[in-house]
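Just data_7.cif here, mmCIF, C-alpha atoms and all ligand atoms:
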data_my_file
#
loop_
_atom_site.group_PDB
_atom_site.id
_atom_site.type_symbol
_atom_site.label_atom_id
_atom_site.label_comp_id
_atom_site.auth_asym_id
_atom_site.auth_seq_id
_atom_site.Cartn_x
_atom_site.Cartn_y
_atom_site.Cartn_z
ATOM 1 C CA ALA A 1 -12.863 176.829 -27.324
ATOM 2 C CA LYS A 2 -12.871 176.388 -23.582
ATOM 3 C CA ASN A 3 -16.664 176.204 -23.463
ATOM 4 C CA GLU A 4 -16.727 173.788 -26.327
ATOM 5 C CA GLY A 5 -14.345 171.570 -24.475
ATOM 6 C CA LYS A 6 -16.473 171.642 -21.375
ATOM 7 C CA GLY A 7 -19.613 170.923 -23.372
ATOM 8 C CA SER A 8 -18.144 167.923 -25.072
ATOM 9 C CA TYR A 9 -16.835 166.715 -21.735
ATOM 10 C CA ARG A 10 -20.356 166.860 -20.340
ATOM 11 C CA PHE A 11 -21.666 165.127 -23.381
ATOM 12 C CA PHE A 12 -19.027 162.463 -22.948
ATOM 13 C CA GLU A 13 -19.926 162.070 -19.292
ATOM 14 C CA SER A 14 -23.615 161.569 -19.973
ATOM 15 C CA ALA A 15 -22.797 159.172 -22.784
ATOM 16 C CA MET A 16 -20.777 157.204 -20.251
ATOM 17 C CA ASP A 17 -23.720 157.218 -17.857
ATOM 18 C CA ALA A 18 -26.003 155.943 -20.577
ATOM 19 C CA GLU A 19 -23.497 153.237 -21.423
ATOM 20 C CA ALA A 20 -23.161 152.207 -17.787
ATOM 21 C CA GLN A 21 -26.952 152.099 -17.428
ATOM 22 C CA GLU A 22 -27.288 150.048 -20.586
ATOM 23 C CA ARG A 23 -24.665 147.650 -19.261
ATOM 24 C CA ARG A 24 -26.519 147.378 -15.977
ATOM 25 C CA ARG A 25 -29.799 146.620 -17.791
ATOM 26 C CA ILE A 26 -28.169 143.896 -19.872
ATOM 27 C CA GLU A 27 -26.585 142.495 -16.728
ATOM 28 C CA ILE A 28 -29.954 142.227 -14.977
ATOM 29 C CA ASP A 29 -31.515 140.590 -18.043
ATOM 30 C CA LEU A 30 -28.593 138.193 -18.397
ATOM 31 C CA HIS A 31 -29.050 137.113 -14.824
ATOM 32 C CA ASP A 32 -32.529 135.818 -15.734
ATOM 33 C CA ALA A 33 -31.711 134.632 -19.246
ATOM 34 C CA LEU A 34 -30.679 131.162 -18.181
ATOM 35 C CA ALA A 35 -33.779 130.537 -16.058
ATOM 36 C CA LYS A 36 -36.024 131.929 -18.809
ATOM 37 C CA GLY A 37 -34.504 129.610 -21.397
ATOM 38 C CA GLU A 38 -33.277 132.489 -23.556
ATOM 39 C CA LEU A 39 -29.809 131.061 -24.139
ATOM 40 C CA GLU A 40 -29.254 128.805 -27.119
ATOM 41 C CA LEU A 41 -26.315 126.962 -28.613
ATOM 42 C CA TYR A 42 -25.568 127.322 -32.304
ATOM 43 C CA PHE A 43 -23.177 124.859 -33.925
ATOM 44 C CA GLN A 44 -20.555 125.404 -36.611
ATOM 45 C CA PRO A 45 -19.228 122.347 -38.472
ATOM 46 C CA LEU A 46 -15.535 121.419 -38.519
ATOM 47 C CA PHE A 47 -14.585 119.642 -41.703
ATOM 48 C CA THR A 48 -11.711 117.130 -41.603
ATOM 49 C CA LEU A 49 -9.841 117.158 -44.917
ATOM 50 C CA SER A 50 -8.376 113.626 -44.756
ATOM 51 C CA GLN A 51 -11.824 112.132 -44.104
ATOM 52 C CA ASN A 52 -13.616 114.533 -46.407
ATOM 53 C CA ARG A 53 -16.414 114.935 -43.887
ATOM 54 C CA VAL A 54 -17.661 116.858 -40.876
ATOM 55 C CA THR A 55 -16.198 115.345 -37.710
ATOM 56 C CA ALA A 56 -17.139 117.968 -35.116
ATOM 57 C CA PHE A 57 -19.264 120.998 -34.333
ATOM 58 C CA GLU A 58 -18.214 123.971 -32.212
ATOM 59 C CA ALA A 59 -20.941 125.137 -29.838
ATOM 60 C CA LEU A 60 -21.345 128.927 -29.998
ATOM 61 C CA MET A 61 -23.677 130.626 -27.579
ATOM 62 C CA ARG A 62 -26.502 132.950 -28.582
ATOM 63 C CA TRP A 63 -28.933 134.915 -26.456
ATOM 64 C CA ASN A 64 -32.505 135.259 -27.707
ATOM 65 C CA HIS A 65 -33.376 138.489 -25.940
ATOM 66 C CA PRO A 66 -37.123 139.258 -25.888
ATOM 67 C CA THR A 67 -36.635 142.818 -27.217
ATOM 68 C CA ARG A 68 -33.029 143.013 -28.417
ATOM 69 C CA GLY A 69 -33.258 139.957 -30.652
ATOM 70 C CA LEU A 70 -30.399 137.528 -31.165
ATOM 71 C CA VAL A 71 -27.471 138.860 -29.127
ATOM 72 C CA PRO A 72 -23.985 137.695 -30.226
ATOM 73 C CA PRO A 73 -21.517 136.482 -27.577
ATOM 74 C CA VAL A 74 -19.270 139.525 -27.942
ATOM 75 C CA ASN A 75 -22.125 141.529 -26.375
ATOM 76 C CA PHE A 76 -22.660 139.357 -23.316
ATOM 77 C CA ILE A 77 -19.784 136.917 -22.672
ATOM 78 C CA PRO A 78 -17.407 139.671 -21.400
ATOM 79 C CA LEU A 79 -20.188 140.919 -19.118
ATOM 80 C CA ALA A 80 -20.801 137.371 -17.912
ATOM 81 C CA GLU A 81 -17.092 137.089 -17.168
ATOM 82 C CA ASP A 82 -17.004 140.373 -15.226
ATOM 83 C CA THR A 83 -20.013 139.426 -13.104
ATOM 84 C CA GLY A 84 -19.210 135.754 -12.499
ATOM 85 C CA LEU A 85 -22.343 134.718 -14.403
ATOM 86 C CA ILE A 86 -20.042 132.869 -16.809
ATOM 87 C CA ILE A 87 -19.832 130.028 -14.273
ATOM 88 C CA PRO A 88 -23.553 129.030 -14.357
ATOM 89 C CA ILE A 89 -23.922 130.003 -18.013
ATOM 90 C CA GLY A 90 -20.793 128.076 -18.936
ATOM 91 C CA GLU A 91 -22.002 125.052 -16.981
ATOM 92 C CA TRP A 92 -25.268 125.185 -18.879
ATOM 93 C CA ALA A 93 -23.335 125.283 -22.191
ATOM 94 C CA ILE A 94 -21.236 122.245 -21.276
ATOM 95 C CA ARG A 95 -24.255 120.198 -20.190
ATOM 96 C CA GLU A 96 -26.354 121.251 -23.172
ATOM 97 C CA ALA A 97 -23.526 120.521 -25.650
ATOM 98 C CA CYS A 98 -22.982 117.041 -24.172
ATOM 99 C CA ARG A 99 -26.710 116.281 -24.130
ATOM 100 C CA ILE A 100 -27.067 117.274 -27.785
ATOM 101 C CA ALA A 101 -23.864 115.615 -29.042
ATOM 102 C CA ALA A 102 -24.877 112.321 -27.430
ATOM 103 C CA GLN A 103 -27.659 112.180 -30.074
ATOM 104 C CA TRP A 104 -25.208 112.588 -32.971
ATOM 105 C CA PRO A 105 -23.326 109.874 -34.867
ATOM 106 C CA GLU A 106 -20.387 108.567 -32.859
ATOM 107 C CA HIS A 107 -17.665 109.973 -35.099
ATOM 108 C CA ILE A 108 -18.863 113.516 -34.424
ATOM 109 C CA ARG A 109 -17.395 115.488 -31.538
ATOM 110 C CA VAL A 110 -18.593 118.660 -29.897
ATOM 111 C CA ALA A 111 -16.276 121.550 -28.988
ATOM 112 C CA VAL A 112 -17.150 123.910 -26.140
ATOM 113 C CA ASN A 113 -15.483 127.250 -25.378
ATOM 114 C CA ILE A 114 -14.175 127.541 -21.831
ATOM 115 C CA SER A 115 -13.546 131.022 -20.464
ATOM 116 C CA PRO A 116 -10.367 131.522 -18.388
ATOM 117 C CA ILE A 117 -12.656 132.210 -15.405
ATOM 118 C CA GLN A 118 -14.229 128.776 -15.799
ATOM 119 C CA PHE A 119 -10.866 127.161 -16.381
ATOM 120 C CA ARG A 120 -9.541 128.545 -13.106
ATOM 121 C CA SER A 121 -12.647 127.476 -11.182
ATOM 122 C CA PRO A 122 -12.126 124.408 -8.981
ATOM 123 C CA ALA A 123 -15.674 123.344 -9.907
ATOM 124 C CA LEU A 124 -14.869 122.745 -13.584
ATOM 125 C CA ASN A 125 -13.775 119.106 -13.322
ATOM 126 C CA GLY A 126 -16.918 118.151 -11.419
ATOM 127 C CA ILE A 127 -19.129 120.025 -13.881
ATOM 128 C CA ILE A 128 -17.577 118.151 -16.789
ATOM 129 C CA LEU A 129 -17.810 114.785 -15.050
ATOM 130 C CA ASN A 130 -21.504 115.402 -14.317
ATOM 131 C CA ALA A 131 -22.234 116.501 -17.868
ATOM 132 C CA LEU A 132 -20.565 113.363 -19.245
ATOM 133 C CA ALA A 133 -22.349 111.111 -16.773
ATOM 134 C CA GLU A 134 -25.836 112.516 -17.337
ATOM 135 C CA SER A 135 -25.481 112.573 -21.136
ATOM 136 C CA GLN A 136 -23.536 109.320 -21.439
ATOM 137 C CA LEU A 137 -21.342 111.062 -24.003
ATOM 138 C CA ALA A 138 -17.966 109.346 -24.459
ATOM 139 C CA PRO A 139 -15.361 111.702 -22.932
ATOM 140 C CA ASN A 140 -13.226 111.798 -26.094
ATOM 141 C CA ARG A 141 -16.186 113.252 -27.985
ATOM 142 C CA LEU A 142 -15.987 116.407 -25.874
ATOM 143 C CA GLU A 143 -13.336 118.960 -26.790
ATOM 144 C CA LEU A 144 -12.656 122.005 -24.630
ATOM 145 C CA GLU A 145 -11.350 125.160 -26.314
ATOM 146 C CA ILE A 146 -9.134 127.329 -24.136
ATOM 147 C CA THR A 147 -7.119 130.428 -24.989
ATOM 148 C CA GLU A 148 -3.525 131.465 -24.621
ATOM 149 C CA SER A 149 -4.278 134.135 -22.017
ATOM 150 C CA LEU A 150 -4.115 131.368 -19.396
ATOM 151 C CA PHE A 151 -0.389 130.985 -19.885
ATOM 152 C CA ILE A 152 0.761 134.393 -18.809
ATOM 153 C CA GLU A 153 -0.730 133.850 -15.401
ATOM 154 C CA ASN A 154 0.182 130.797 -13.462
ATOM 155 C CA VAL A 155 1.940 128.336 -15.723
ATOM 156 C CA GLU A 156 2.222 125.627 -13.085
ATOM 157 C CA ALA A 157 -1.466 125.786 -12.139
ATOM 158 C CA THR A 158 -2.537 125.873 -15.777
ATOM 159 C CA LEU A 159 -0.449 122.817 -16.550
ATOM 160 C CA ALA A 160 -1.886 120.939 -13.552
ATOM 161 C CA SER A 161 -5.478 121.799 -14.580
ATOM 162 C CA LEU A 162 -4.780 120.703 -18.136
ATOM 163 C CA HIS A 163 -3.495 117.348 -16.968
ATOM 164 C CA ASN A 164 -6.532 116.955 -14.711
ATOM 165 C CA LEU A 165 -8.915 117.637 -17.570
ATOM 166 C CA ARG A 166 -7.146 115.266 -19.903
ATOM 167 C CA GLY A 167 -7.253 112.715 -17.105
ATOM 168 C CA LEU A 168 -11.035 112.757 -17.533
ATOM 169 C CA GLY A 169 -10.511 111.648 -21.118
ATOM 170 C CA VAL A 170 -11.731 114.856 -22.737
ATOM 171 C CA ARG A 171 -9.772 116.611 -25.463
ATOM 172 C CA VAL A 172 -8.278 120.081 -25.165
ATOM 173 C CA ALA A 173 -7.731 122.537 -28.026
ATOM 174 C CA LEU A 174 -5.756 125.778 -27.954
ATOM 175 C CA ASP A 175 -8.097 128.408 -29.421
ATOM 176 C CA ASP A 176 -7.155 131.573 -31.361
ATOM 177 C CA PHE A 177 -3.554 130.396 -31.706
ATOM 178 C CA GLY A 178 -1.132 133.156 -32.583
ATOM 179 C CA THR A 179 -3.112 136.121 -31.271
ATOM 180 C CA GLY A 180 -1.957 136.314 -27.708
ATOM 181 C CA TYR A 181 1.037 135.349 -25.738
ATOM 182 C CA SER A 182 1.869 132.312 -27.769
ATOM 183 C CA SER A 183 5.295 131.206 -27.031
ATOM 184 C CA LEU A 184 6.288 128.208 -29.052
ATOM 185 C CA SER A 185 7.867 126.693 -25.964
ATOM 186 C CA TYR A 186 4.414 126.484 -24.348
ATOM 187 C CA LEU A 187 3.262 124.267 -27.145
ATOM 188 C CA ARG A 188 5.899 121.726 -26.307
ATOM 189 C CA ALA A 189 5.171 121.856 -22.586
ATOM 190 C CA PHE A 190 1.363 121.738 -22.766
ATOM 191 C CA PRO A 191 -0.549 118.639 -23.794
ATOM 192 C CA PHE A 192 -2.985 119.972 -26.402
ATOM 193 C CA ASP A 193 -4.793 117.674 -28.766
ATOM 194 C CA LYS A 194 -5.349 120.436 -31.267
ATOM 195 C CA ILE A 195 -4.292 123.947 -32.230
ATOM 196 C CA LYS A 196 -6.875 126.278 -33.745
ATOM 197 C CA ILE A 197 -5.091 128.757 -36.005
ATOM 198 C CA ASP A 198 -6.671 132.179 -35.557
ATOM 199 C CA ARG A 199 -8.724 133.681 -38.361
ATOM 200 C CA SER A 200 -6.333 136.646 -38.704
ATOM 201 C CA PHE A 201 -3.723 134.323 -40.263
ATOM 202 C CA ILE A 202 -6.302 132.915 -42.673
ATOM 203 C CA VAL A 203 -7.413 136.388 -43.783
ATOM 204 C CA ASP A 204 -3.748 137.187 -44.500
ATOM 205 C CA LEU A 205 -3.305 134.144 -46.735
ATOM 206 C CA LEU A 206 -4.389 135.847 -49.912
ATOM 207 C CA ALA A 207 -2.761 139.175 -49.056
ATOM 208 C CA HIS A 208 0.798 138.332 -48.010
ATOM 209 C CA ASP A 209 3.273 135.766 -49.289
ATOM 210 C CA GLY A 210 4.656 135.306 -45.790
ATOM 211 C CA ALA A 211 1.309 134.127 -44.465
ATOM 212 C CA THR A 212 1.609 130.765 -46.199
ATOM 213 C CA ALA A 213 5.012 130.220 -44.615
ATOM 214 C CA ILE A 214 3.544 130.949 -41.179
ATOM 215 C CA ILE A 215 0.797 128.369 -41.700
ATOM 216 C CA LYS A 216 3.390 125.868 -42.872
ATOM 217 C CA SER A 217 5.510 126.369 -39.767
ATOM 218 C CA ILE A 218 2.505 126.008 -37.465
ATOM 219 C CA THR A 219 1.310 122.772 -39.090
ATOM 220 C CA THR A 220 4.849 121.350 -39.165
ATOM 221 C CA LEU A 221 5.378 122.126 -35.507
ATOM 222 C CA ALA A 222 1.956 120.779 -34.537
ATOM 223 C CA GLU A 223 2.558 117.560 -36.399
ATOM 224 C CA ALA A 224 5.945 117.097 -34.744
ATOM 225 C CA LEU A 225 4.234 117.534 -31.371
ATOM 226 C CA GLY A 226 1.423 115.126 -32.255
ATOM 227 C CA MET A 227 -1.244 117.825 -32.359
ATOM 228 C CA GLU A 228 -3.962 118.414 -34.947
ATOM 229 C CA THR A 229 -4.559 121.779 -36.603
ATOM 230 C CA THR A 230 -7.835 123.523 -37.389
ATOM 231 C CA ALA A 231 -7.973 126.689 -39.483
ATOM 232 C CA GLU A 232 -10.611 129.159 -38.275
ATOM 233 C CA GLY A 233 -12.542 131.594 -40.420
ATOM 234 C CA VAL A 234 -11.996 129.960 -43.817
ATOM 235 C CA GLU A 235 -14.243 131.869 -46.197
ATOM 236 C CA ASN A 236 -13.227 130.785 -49.694
ATOM 237 C CA ILE A 237 -11.758 127.963 -51.710
ATOM 238 C CA ASP A 238 -8.461 129.734 -52.350
ATOM 239 C CA GLN A 239 -7.766 129.782 -48.625
ATOM 240 C CA LEU A 240 -8.898 126.169 -48.358
ATOM 241 C CA ASP A 241 -6.514 125.066 -51.128
ATOM 242 C CA ILE A 242 -3.522 126.755 -49.515
ATOM 243 C CA LEU A 243 -4.387 125.295 -46.099
ATOM 244 C CA ARG A 244 -4.698 121.817 -47.524
ATOM 245 C CA ASP A 245 -1.361 122.180 -49.333
ATOM 246 C CA GLN A 246 0.289 123.349 -46.122
ATOM 247 C CA GLY A 247 -0.878 120.300 -44.184
ATOM 248 C CA CYS A 248 -3.733 121.740 -42.132
ATOM 249 C CA ASN A 249 -6.039 118.958 -40.889
ATOM 250 C CA GLN A 250 -9.354 120.650 -40.392
ATOM 251 C CA ILE A 251 -11.348 123.592 -41.772
ATOM 252 C CA GLN A 252 -13.909 125.784 -40.026
ATOM 253 C CA GLY A 253 -15.540 128.839 -41.515
ATOM 254 C CA TYR A 254 -18.257 130.412 -43.601
ATOM 255 C CA TYR A 255 -16.907 128.683 -46.726
ATOM 256 C CA PHE A 256 -18.324 125.480 -45.343
ATOM 257 C CA SER A 257 -21.055 126.808 -43.057
ATOM 258 C CA LYS A 258 -21.982 129.549 -40.624
ATOM 259 C CA PRO A 259 -22.931 128.532 -37.073
ATOM 260 C CA LEU A 260 -26.340 126.842 -37.299
ATOM 261 C CA PRO A 261 -29.267 126.388 -34.923
ATOM 262 C CA LEU A 262 -29.736 122.785 -33.812
ATOM 263 C CA GLY A 263 -32.583 122.131 -36.241
ATOM 264 C CA GLU A 264 -30.297 122.958 -39.178
ATOM 265 C CA VAL A 265 -27.529 120.757 -37.764
ATOM 266 C CA ASN A 266 -29.854 117.794 -37.599
ATOM 267 C CA LYS A 267 -30.922 118.413 -41.214
ATOM 268 C CA LEU A 268 -27.271 118.630 -42.239
ATOM 269 C CA LEU A 269 -26.481 115.345 -40.511
ATOM 270 C CA LEU A 270 -29.439 113.665 -42.227
ATOM 271 C CA GLY A 271 -28.447 115.163 -45.583
ATOM 272 C CA LEU A 272 -24.944 113.830 -45.188
ATOM 273 C CA GLY A 273 -26.406 110.406 -44.540
ATOM 274 C CA GLU A 274 -24.728 110.370 -41.196
ATOM 275 C CA ASP A 275 -27.724 109.615 -39.039
HETATM 276 P P1 LIG A 301 -14.259 131.801 -31.119
HETATM 277 O O1 LIG A 301 -14.245 130.694 -30.143
HETATM 278 O O2 LIG A 301 -12.967 132.166 -31.758
HETATM 279 O O3 LIG A 301 -15.364 131.393 -32.199
HETATM 280 C C1 LIG A 301 -15.238 131.635 -33.585
HETATM 281 C C2 LIG A 301 -16.022 132.864 -33.989
HETATM 282 O O4 LIG A 301 -15.754 133.140 -35.364
HETATM 283 C C3 LIG A 301 -17.536 132.685 -33.894
HETATM 284 O O5 LIG A 301 -18.097 133.945 -33.561
HETATM 285 C C4 LIG A 301 -17.899 132.309 -35.315
HETATM 286 O O6 LIG A 301 -19.248 132.596 -35.640
HETATM 287 C C5 LIG A 301 -16.965 133.176 -36.091
HETATM 288 N N1 LIG A 301 -16.684 132.641 -37.421
HETATM 289 C C6 LIG A 301 -16.658 131.350 -37.804
HETATM 290 N N2 LIG A 301 -16.328 131.230 -39.111
HETATM 291 C C7 LIG A 301 -16.119 132.478 -39.563
HETATM 292 C C8 LIG A 301 -15.738 133.008 -40.854
HETATM 293 O O7 LIG A 301 -15.542 132.286 -41.832
HETATM 294 N N3 LIG A 301 -15.623 134.359 -40.945
HETATM 295 C C9 LIG A 301 -15.841 135.182 -39.878
HETATM 296 N N4 LIG A 301 -15.720 136.487 -40.053
HETATM 297 N N5 LIG A 301 -16.199 134.718 -38.648
HETATM 298 C C10 LIG A 301 -16.326 133.376 -38.501
HETATM 299 P P2 LIG A 301 -19.206 134.075 -32.422
HETATM 300 O O8 LIG A 301 -20.162 132.924 -32.507
HETATM 301 O O9 LIG A 301 -19.750 135.456 -32.517
HETATM 302 O O10 LIG A 301 -18.387 133.903 -31.082
HETATM 303 C C11 LIG A 301 -17.440 134.859 -30.699
HETATM 304 C C12 LIG A 301 -16.652 134.419 -29.499
HETATM 305 O O11 LIG A 301 -17.481 134.335 -28.337
HETATM 306 C C13 LIG A 301 -16.036 133.037 -29.653
HETATM 307 O O12 LIG A 301 -14.863 133.132 -30.452
HETATM 308 C C14 LIG A 301 -15.776 132.674 -28.206
HETATM 309 O O13 LIG A 301 -14.584 133.262 -27.754
HETATM 310 C C15 LIG A 301 -16.951 133.342 -27.493
HETATM 311 N N6 LIG A 301 -17.984 132.331 -27.185
HETATM 312 C C16 LIG A 301 -18.990 131.866 -27.969
HETATM 313 N N7 LIG A 301 -19.726 130.935 -27.324
HETATM 314 C C17 LIG A 301 -19.155 130.784 -26.100
HETATM 315 C C18 LIG A 301 -19.442 129.949 -24.964
HETATM 316 O O14 LIG A 301 -20.367 129.113 -24.942
HETATM 317 N N8 LIG A 301 -18.637 130.093 -23.870
HETATM 318 C C19 LIG A 301 -17.590 130.970 -23.868
HETATM 319 N N9 LIG A 301 -16.817 131.059 -22.741
HETATM 320 N N10 LIG A 301 -17.282 131.762 -24.915
HETATM 321 C C20 LIG A 301 -18.055 131.663 -26.024
HETATM 322 CA CA CA A 302 -13.558 128.699 -30.056
HETATM 323 CA CA CA A 303 -11.252 130.817 -32.129
HETATM 324 CA CA CA A 304 -11.668 134.262 -31.861
#

Before we go any further, please render this structure as structure tokens.
Amino acid sequence: AKNEGKGSYRFFESAMDAEAQERRRIEIDLHDALAKGELELYFQPLFTLSQNRVTAFEALMRWNHPTRGLVPPVNFIPLAEDTGLIIPIGEWAIREACRIAAQWPEHIRVAVNISPIQFRSPALNGIILNALAESQLAPNRLELEITESLFIENVEATLASLHNLRGLGVRVALDDFGTGYSSLSYLRAFPFDKIKIDRSFIVDLLAHDGATAIIKSITTLAEALGMETTAEGVENIDQLDILRDQGCNQIQGYYFSKPLPLGEVNKLLLGLGED
């Protein structure tokens, strides 16, 4: 048994080495990905129930790796965050999203995910100002999605940054609401335009009676605070019906559409007669 243990330890160790090497290879590739034009934004529509139409797209990053194929963000965003590459990559995403959205009909916004590392960077305001200036996109057509993890750190600094960003005229959404350190008191203190209700609550809708009550309390609270609500990860009409009944404003998820490459977005906009 002792030998077995040692053997599996060695196996484990070499597996770790392989993993570390793999990580290092991806890191080196990622460093060049931006310059080589391998990064691409996909866009997922956000459907506003009261208007019965698409009013925004969320930009979701993809990496077209020459040998690995289309790499999802879960396999490179954390690495980008650990290495600091998220700053140039994130800047590229903001500029690209603004450039593309400026071509869309005026009632359509673009939402961009902002990593906590970017949010804490003093360069962020300037990056956003530049992106708006070079694209000529109206600031209120850009929505930044930030996550709750920012609030356990430095509340004062987070609040100041939020006010700065909103001073530029851009909108700010709280992403993945309910998964992290959400304290309801933060909601009152922080000036969000929108709350994005995490997919885990939507999945629960058909499984637990209590889930509907949770949605109801979130939408009621949001409305009282003057914030909109978007439900993430809506996959079927039963979920959609409940969300509508409970006063949710906006729907995002595979039920309506998966994230699409830009070519498909443009077709969708033409098809909707929104060109
Ligand atoms: P997120 O911001 O919560 O984005 C929503 C994720 O849910 C996306 O995954 C989307 O494809 C997926 N999704 C949408 N509808 C459904 C549905 O109906 N069912 C299911 N099962 N999934 C759905 P994706 O594109 O893989 O992105 C994962 C995460 O990577 C994002 O989560 C976001 O945190 C991060 N990310 C993506 N692009 C960027 C970026 O440009 N910058 C930064 N900092 N993070 C990004
Ligand atoms: Ca998001
Ligand atoms: Ca989310
Ligand atoms: Ca998420």

Quick one: contact table of stretch 53-125 of chain A to stretch 240-260 of chain A, 10 Å max, nearest atom pair and distance in Å to one decimal per residue, counting all atoms listed in the file, chain and number order, as JSON lines?
{"residue": "A:Arg53", "atom": "CA", "partner": "A:Gln250", "partner_atom": "CA", "distance": 9.7}
{"residue": "A:Val54", "atom": "CA", "partner": "A:Gln250", "partner_atom": "CA", "distance": 9.1}
{"residue": "A:Thr55", "atom": "CA", "partner": "A:Gln250", "partner_atom": "CA", "distance": 9.1}
{"residue": "A:Ala56", "atom": "CA", "partner": "A:Gln252", "partner_atom": "CA", "distance": 9.8}
{"residue": "A:Phe57", "atom": "CA", "partner": "A:Pro259", "partner_atom": "CA", "distance": 8.8}
{"residue": "A:Glu58", "atom": "CA", "partner": "A:Pro259", "partner_atom": "CA", "distance": 8.2}
{"residue": "A:Ala59", "atom": "CA", "partner": "A:Pro259", "partner_atom": "CA", "distance": 8.2}
{"residue": "A:Leu60", "atom": "CA", "partner": "A:Pro259", "partner_atom": "CA", "distance": 7.3}
{"residue": "A:Met61", "atom": "CA", "partner": "A:Pro259", "partner_atom": "CA", "distance": 9.8}

Selection within 8 Å of ligand CA 304 (chain A) by all atoms listed in the file, output as a PDB file with C-alpha atoms, in the coordinates of the input:
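Contents of result_3.pdb, freshly written:
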ATOM      1  CA  ASP A 175      -8.097 128.408 -29.421  1.00  0.00           C
ATOM      2  CA  ASP A 176      -7.155 131.573 -31.361  1.00  0.00           C
ATOM      3  CA  ASP A 198      -6.671 132.179 -35.557  1.00  0.00           C
ATOM      4  CA  ARG A 199      -8.724 133.681 -38.361  1.00  0.00           C
TER       5      ARG A 199
END

Quick one: of A:Ser115, A:Asn130, A:Ser121, A:Asn266, who's nearest to A:Ile146, counting only C-alpha atoms? A:Ser115

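What the PyMOL selection byres (((chain A and resi 141) around 8) and not hetatm) grabs from this file is A:Glu106, A:His107, A:Ile108, A:Arg109, A:Val110, A:Leu137, A:Ala138, A:Pro139, A:Asn140, A:Leu142, A:Glu143, A:Val170, A:Arg171.
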
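You can rank A:Asn75, A:Ser161, A:Gln239, A:Thr179 by their closest distance to ligand CA 303 (chain A) using all atoms listed in the file, and at the top of that list sits A:Thr179.
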
9 Å contact set for A:His163, all atoms listed in the file, chain neighbours under 5 positions out, as a PyMOL selection string: chain A and resi 158+168+190-191

Could you please take those selected residues and save C-alpha atoms as a PDB file, in the frame of the given file?
ATOM      1  CA  THR A 158      -2.537 125.873 -15.777  1.00  0.00           C
ATOM      2  CA  LEU A 168     -11.035 112.757 -17.533  1.00  0.00           C
ATOM      3  CA  PHE A 190       1.363 121.738 -22.766  1.00  0.00           C
ATOM      4  CA  PRO A 191      -0.549 118.639 -23.794  1.00  0.00           C
TER       5      PRO A 191
END

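For the choices A:Ala222, A:Leu144, A:Val234, A:Leu184, the atom-to-atom distance to ligand CA 302 (chain A) is smallest for A:Leu144 when using only C-alpha atoms and all ligand atoms.
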